[in-house]
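Engineer: Before I ask anything, let me first share the structure, which is written out below as structure tokens.
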Amino acid sequence: MRALALDVGMKTIGVAVSDELGLAAHPLSTVARRGERADAGQVAELARSRGADVVVVGLPLELSGRQGRRAKRVLRFVEALREELGEAPPIEMWDERFSTVGAERALRKGGVSAKKRKQVVDQQAAAYILQGWLDARRPVEVRSDDE
């Protein structure tokens with residue numbers, strides 16, 4: 001199962017893709033925002049060209065869990081994307097609270113310069129979102145006491 005994930009921001013959309021087995025997320029690209037319709041068209045083309053079985057979109061909820069202005073903007077973009085994609089692939093929302101913070105932390109820990117971090121943080125945040133989504137769907141291994 002191939003999944004495409006999006007970290008939708010005001011100026012850019014970070015994009016990540018999973019491997020074919022649906023085990024690991026990989027940063028893919030950053031899409032510069034040009035308007036909802038154009039952005040939705042570009043993302044839909046990426047989903048098609050990568051053979052995505054599902055598109056996962058990070059939903060920036062408030063700390064309280066409520067949908068604020070940012071989440072409502074993302075949901076408007078998702079509606080435009082649904083119009084572009086039609087029925088397939090399906091779009092799933094994923095709570096993305098702290099994804100950019102986690103991505104920044106991982107990049108800093110990896111020794112990535114501030115200049116380079118700025119260029120890749122959105123796609124890294126999309127990979128962070130996607131990895132969380134993939135991990136949540138992985139079956140939990142049950143071990144017996146005999147092992």
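How things are named: the first chain in the structure tokens is A, the next is B, and so on; residues count from 1 in each chain; ligands count from 1 in the order shown.
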Just the alpha helix (DSSP H) stuff from segment 7-142 of chain A, please, per backbone DSSP, written as a PyMOL selection string.
Structural biologist: chain A and resi 36-49+69-85+99-109+114-137
Engineer: Print the selection's residues with C-alpha atoms to a file, as a compact mmCIF listing (two decimals), in the first residue's frame.
Structural biologist:
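Result file result_16.txt:
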# COMPACT_ATOMS: atom_id res chain seq x y z
CA GLU A 36 -6.23 26.22 -3.82
CA ARG A 37 -7.23 24.88 -7.25
CA ALA A 38 -3.69 24.93 -8.67
CA ASP A 39 -2.29 23.36 -5.49
CA ALA A 40 -4.97 20.65 -5.46
CA GLY A 41 -4.22 19.88 -9.11
CA GLN A 42 -0.50 19.59 -8.45
CA VAL A 43 -1.00 17.34 -5.42
CA ALA A 44 -3.52 15.18 -7.30
CA GLU A 45 -0.95 14.71 -10.06
CA LEU A 46 1.66 13.67 -7.49
CA ALA A 47 -0.80 11.17 -5.98
CA ARG A 48 -1.51 9.68 -9.39
CA SER A 49 2.11 9.58 -10.54
CA ARG A 69 -8.53 28.75 11.74
CA ARG A 70 -5.58 26.72 10.44
CA ALA A 71 -7.54 23.46 10.51
CA LYS A 72 -10.46 25.07 8.70
CA ARG A 73 -8.09 26.35 5.98
CA VAL A 74 -6.69 22.84 5.54
CA LEU A 75 -10.20 21.39 5.31
CA ARG A 76 -11.04 23.87 2.52
CA PHE A 77 -7.95 22.68 0.65
CA VAL A 78 -9.00 19.05 1.22
CA GLU A 79 -12.37 19.78 -0.41
CA ALA A 80 -10.58 21.16 -3.50
CA LEU A 81 -8.32 18.10 -3.51
CA ARG A 82 -11.33 15.77 -3.29
CA GLU A 83 -12.79 17.48 -6.35
CA GLU A 84 -9.52 16.87 -8.22
CA LEU A 85 -9.11 13.25 -7.12
CA SER A 99 4.72 17.50 13.48
CA THR A 100 6.78 20.54 12.49
CA VAL A 101 8.37 20.66 15.95
CA GLY A 102 9.26 16.98 15.67
CA ALA A 103 10.64 17.44 12.16
CA GLU A 104 12.73 20.45 13.22
CA ARG A 105 14.09 18.54 16.19
CA ALA A 106 15.06 15.54 14.03
CA LEU A 107 16.75 17.77 11.44
CA ARG A 108 18.67 19.69 14.10
CA LYS A 109 19.73 16.44 15.77
CA ALA A 114 19.43 26.17 9.51
CA LYS A 115 19.39 27.16 5.82
CA LYS A 116 18.87 23.58 4.66
CA ARG A 117 16.28 22.94 7.42
CA LYS A 118 14.16 25.78 6.10
CA GLN A 119 14.17 24.17 2.64
CA VAL A 120 13.15 20.67 3.80
CA VAL A 121 11.20 21.10 7.04
CA ASP A 122 7.77 20.94 5.35
CA GLN A 123 8.47 17.68 3.55
CA GLN A 124 10.08 16.30 6.70
CA ALA A 125 6.93 17.28 8.65
CA ALA A 126 4.85 15.42 6.03
CA ALA A 127 7.06 12.36 6.57
CA TYR A 128 6.57 12.72 10.35
CA ILE A 129 2.77 12.82 9.82
CA LEU A 130 2.88 9.83 7.49
CA GLN A 131 5.07 7.74 9.78
CA GLY A 132 2.63 8.31 12.65
CA TRP A 133 -0.27 7.27 10.43
CA LEU A 134 1.59 4.17 9.20
CA ASP A 135 2.63 3.16 12.73
CA ALA A 136 -0.94 3.51 14.02
CA ARG A 137 -2.15 1.05 11.37
Engineer: From the list A:Leu28, A:Gly86, A:Ser64, A:Arg33, which residue is nearest Gly9 of chain A when using only C-alpha atoms?
Structural biologist: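 The shortest atom-to-atom distance to Gly9 of chain A comes from A:Arg33.
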Engineer: Give me the residues within 8 Å of Arg97 of chain A as a PyMOL selection string, counting only C-alpha atoms and dropping any in the same chain fewer than 2 places off.
Structural biologist: chain A and resi 59-63+95+99
Engineer: Write out the residues from the selection above, keeping C-alpha atoms, as an mmCIF file, in the first residue's frame.
Structural biologist:
data_model
loop_
_atom_site.group_PDB
_atom_site.id
_atom_site.type_symbol
_atom_site.label_atom_id
_atom_site.label_comp_id
_atom_site.auth_asym_id
_atom_site.auth_seq_id
_atom_site.Cartn_x
_atom_site.Cartn_y
_atom_site.Cartn_z
ATOM 1 C CA LEU A 59 -4.943 18.407 10.369
ATOM 2 C CA PRO A 60 -3.489 21.165 12.585
ATOM 3 C CA LEU A 61 -5.793 20.914 15.582
ATOM 4 C CA GLU A 62 -5.536 23.276 18.530
ATOM 5 C CA LEU A 63 -3.913 21.924 21.695
ATOM 6 C CA ASP A 95 -3.805 14.906 13.809
ATOM 7 C CA SER A 99 4.723 17.499 13.479
#
Engineer: Between A:Gly14, A:Gly68, A:Pro90, A:Pro139, single out the one closest to Asp53 of chain A, counting only C-alpha atoms.
Structural biologist: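 Closest residue, counting only C-alpha atoms: A:Pro90.
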Engineer: Any idea what the distance is between atom CA of Leu4 of chain A and atom CA of Glu96 of chain A?
Structural biologist: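 According to the coordinates, atom CA of Leu4 of chain A and atom CA of Glu96 of chain A are separated by 14.6 Å.
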Engineer: Would you compute the distance between atom CA of Gly51 of chain A and atom CA of Arg34 of chain A? Give it in Å to one decimal.
Structural biologist: 23.9 Å
Engineer: What's around Val55 of chain A at 6 Å? Count only C-alpha atoms, leave out sequence neighbours fewer than 4 positions away in its own chain, and write the answer as a ChimeraX atom specification.
Structural biologist: /A:3-5,91
Engineer: Just to be explicit: take each residue in the selection above, keep N, CA and C atoms, and write the result as a short mmCIF file (atom, residue, chain, number, x, y, z; two decimals), in the first residue's frame.
Structural biologist:
data_model
loop_
_atom_site.label_atom_id
_atom_site.label_comp_id
_atom_site.auth_asym_id
_atom_site.auth_seq_id
_atom_site.Cartn_x
_atom_site.Cartn_y
_atom_site.Cartn_z
N ALA A 3 1.17 5.26 0.36
CA ALA A 3 0.47 6.42 0.90
C ALA A 3 1.25 7.69 0.59
N LEU A 4 0.52 8.76 0.33
CA LEU A 4 1.10 10.08 0.13
C LEU A 4 0.60 10.93 1.28
N ALA A 5 1.47 11.72 1.90
CA ALA A 5 1.06 12.56 3.02
C ALA A 5 1.37 14.02 2.74
N ILE A 91 -9.01 10.16 0.92
CA ILE A 91 -8.24 11.12 1.72
C ILE A 91 -8.57 10.87 3.18
#
Engineer: Please give the complete set of residues from segment 5-140 of chain A that DSSP, run on the backbone, assigns to strand (DSSP E), formatted as a ChimeraX atom specification.
Structural biologist: /A:5-8,12-18,25-32,54-59,91-95
Engineer: Tell me, in Å to one decimal, how far atom CA of Thr12 of chain A is from atom CA of Gln67 of chain A.
Structural biologist: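 Atom CA of Gln67 of chain A lies 20.3 Å from atom CA of Thr12 of chain A.
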